[in-house]
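Written below as structure tokens is the structure these notes are about.
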Amino acid sequence: MKENPSAYPRLLLADDRLSDEAPLSRAFHERFPAHLVGLRSSDGIWPEHSKNKEALAQYTEGHRLLYDEKDPIAAMRCYEAAIDADPEYLQPWVALGIAGVMDNTPESLNLAEGVFTQLSELDQTSGLSAELRSMIRQNLAYLSVNQYRQTGRTDQLDRADAGYAEADALAQQERVELLCPWTFVKCERGEDDLAAKLWARAVKATPSRDILLEYAAKYQPLRRFFEGDES
């Protein structure tokens with residue numbers, strides 16, 4: 001199956017209809033560290049892994065279930081077991097929120113929102129890197145985008161806009177998975193000039209035009225940026 005770099009966090013709607021796209025493999029996340037809730041910690045984004053063997057084993061199995069087996073429910077059980085074994089172990093907390101997004105039930109989305117909200121309240125004194133704190137806020141903003149698209153509630157759109165702004169302020173590098181959904185938010189808010197500026201940043205940050213086309217397929221307002229472009 002062709003991997004879709006814009007699918008994570010999982011993009012659930014295409015032209016406001018539910019899609020059936022599969023979550024990405026672990027191999028994809030290893031190549032794109034900004035998406036990664038991973039086994040590596042040497043990149044400076046993540047804290048060291050837990051010294052508790054049971055916590056690490058449960059987290060590792062959850063990671064396999066989520067990214068290799070595409071089973072978010074089983075993965076969530078492993079992440080919860082890892083947290084029970086070591087409540088201070090950050091990686092399974094973040095992974096639990098992501099698995100909740102991927103499961104995409106009302107219950108799992110509520111769980112994910114609670115996890116990311118709690119994590120976003122950790123300040124810099126907690127020892128979390130700025131990039132990781134940015135990614136946490138990005139995931140929380142993405143949840144609000146999904147909720148807006150499913151309900152039409154403009155308060156969710158406002159929450160997404162604020163969340164992406166916070167994530168952007170903390171980001172240490174330009175991330176297309178932040179910029180493209182945020183451009184959509186600006187389009188929906190009628191802030192066309194700001195949307196165009198964000199899109200220009202996304203173009204510079206994106207290694208492949210195909211990625212931008214994938215986002216435009218998911219977020220109809222982004223297609224305006226391809227008008228008159230037949231290449």
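Naming works like this for the structure tokens: A, B, ... for the chains as they're shown, residue 1 at the start of each chain, ligands 1 onward in shown order.
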
* **Contacts of segment 176-188 of chain A within 7 Å, only C-alpha atoms, excl. fewer than 2 positions in-chain, as a list in words** =>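 Final neighbour list, sorted by chain and number: Ser6, Gln138, Leu157, Asp161, Tyr164, Glu174, Gly190, Glu191, Asp192, Leu194, Ala195, Leu198, Trp199, Ala202, Ala205, Thr206, Tyr215, Tyr219, Pro221 and Leu222 of chain A.
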
* To do: Using only C-alpha atoms, determine which residues lie at most 10 Å from Thr60 of chain A, disregarding the query and same-chain residues fewer than 5 positions distant; provide the list as an NGL selection string.
  => :A and (38-39 or 54-55 or 65-66 or 75 or 78-79 or 82 or 92)

* Would you mind listing what lies within 12 Å of Ala74 of chain A as a list in words, with only C-alpha atoms counted and same-chain residues fewer than 3 positions away left out? => Gln58, Tyr59, Glu61, Gly62, His63, Arg64, Leu65, Leu66, Tyr67, Asp68, Glu69, Lys70, Asp71, Arg77, Cys78, Tyr79, Glu80, Ala81, Leu96, Ala99, Gly100, Met102 and Asp103 of chain A

Write out the residues from the selection above, keeping N, CA and C atoms, as a tab-separated table (two decimals), in the first residue's frame.
```
chain	number	residue	atom	x	y	z
A	58	GLN	N	5.59	-3.19	27.77
A	58	GLN	CA	4.21	-2.90	27.38
A	58	GLN	C	4.17	-1.77	26.35
A	59	TYR	N	5.00	-0.76	26.53
A	59	TYR	CA	5.04	0.32	25.55
A	59	TYR	C	5.52	-0.19	24.20
A	61	GLU	N	5.33	-3.21	22.97
A	61	GLU	CA	4.27	-4.01	22.36
A	61	GLU	C	3.14	-3.13	21.84
A	62	GLY	N	2.78	-2.11	22.58
A	62	GLY	CA	1.75	-1.18	22.10
A	62	GLY	C	2.16	-0.50	20.81
A	63	HIS	N	3.44	-0.12	20.73
A	63	HIS	CA	3.96	0.51	19.52
A	63	HIS	C	3.85	-0.44	18.33
A	64	ARG	N	4.17	-1.72	18.56
A	64	ARG	CA	4.05	-2.71	17.49
A	64	ARG	C	2.59	-2.88	17.05
A	65	LEU	N	1.71	-2.96	18.03
A	65	LEU	CA	0.29	-3.16	17.72
A	65	LEU	C	-0.28	-1.97	16.96
A	66	LEU	N	0.14	-0.76	17.33
A	66	LEU	CA	-0.42	0.43	16.70
A	66	LEU	C	0.09	0.60	15.28
A	67	TYR	N	1.40	0.46	15.09
A	67	TYR	CA	1.99	0.81	13.81
A	67	TYR	C	2.18	-0.37	12.86
A	68	ASP	N	2.36	-1.57	13.40
A	68	ASP	CA	2.52	-2.73	12.54
A	68	ASP	C	1.22	-3.50	12.35
A	69	GLU	N	0.48	-3.70	13.43
A	69	GLU	CA	-0.78	-4.47	13.36
A	69	GLU	C	-1.99	-3.59	13.09
A	70	LYS	N	-1.85	-2.26	13.22
A	70	LYS	CA	-2.95	-1.31	12.99
A	70	LYS	C	-4.14	-1.62	13.91
A	71	ASP	N	-3.83	-1.91	15.18
A	71	ASP	CA	-4.86	-2.28	16.16
A	71	ASP	C	-4.80	-1.29	17.32
A	77	ARG	N	-4.56	-0.68	25.32
A	77	ARG	CA	-4.47	-1.51	26.52
A	77	ARG	C	-3.01	-1.64	26.97
A	78	CYS	N	-2.11	-1.80	26.00
A	78	CYS	CA	-0.69	-1.90	26.34
A	78	CYS	C	-0.16	-0.58	26.90
A	79	TYR	N	-0.54	0.52	26.27
A	79	TYR	CA	-0.07	1.81	26.76
A	79	TYR	C	-0.58	2.08	28.18
A	80	GLU	N	-1.83	1.70	28.44
A	80	GLU	CA	-2.38	1.89	29.78
A	80	GLU	C	-1.64	1.02	30.79
A	81	ALA	N	-1.26	-0.20	30.37
A	81	ALA	CA	-0.48	-1.08	31.26
A	81	ALA	C	0.91	-0.49	31.52
A	96	LEU	N	-0.86	6.91	23.88
A	96	LEU	CA	-2.25	6.62	24.21
A	96	LEU	C	-3.18	7.63	23.55
A	99	ALA	N	-3.26	6.83	19.78
A	99	ALA	CA	-4.07	5.64	19.52
A	99	ALA	C	-5.56	5.96	19.64
A	100	GLY	N	-5.91	6.84	20.58
A	100	GLY	CA	-7.31	7.25	20.70
A	100	GLY	C	-7.80	7.97	19.47
A	102	MET	N	-6.62	7.51	16.44
A	102	MET	CA	-6.68	6.53	15.37
A	102	MET	C	-7.88	5.60	15.52
A	103	ASP	N	-8.30	5.32	16.75
A	103	ASP	CA	-9.49	4.48	16.96
A	103	ASP	C	-10.75	5.22	16.53
```

* Asked: Could you work out how far atom CA of Gln173 of chain A lies from atom CA of Arg223 of chain A, giving the answer in Å with one decimal?
  -> 24.9 Å

* To do: From a DSSP calculation on the backbone, collect every residue of segment 11-216 of chain A in helix (DSSP H, G or I) and output the set as a ChimeraX atom specification.
  => /A:26-31,33-35,53-67,72-85,90-103,106-120,124-126,130-151,154-170,176-188,192-205,209-216
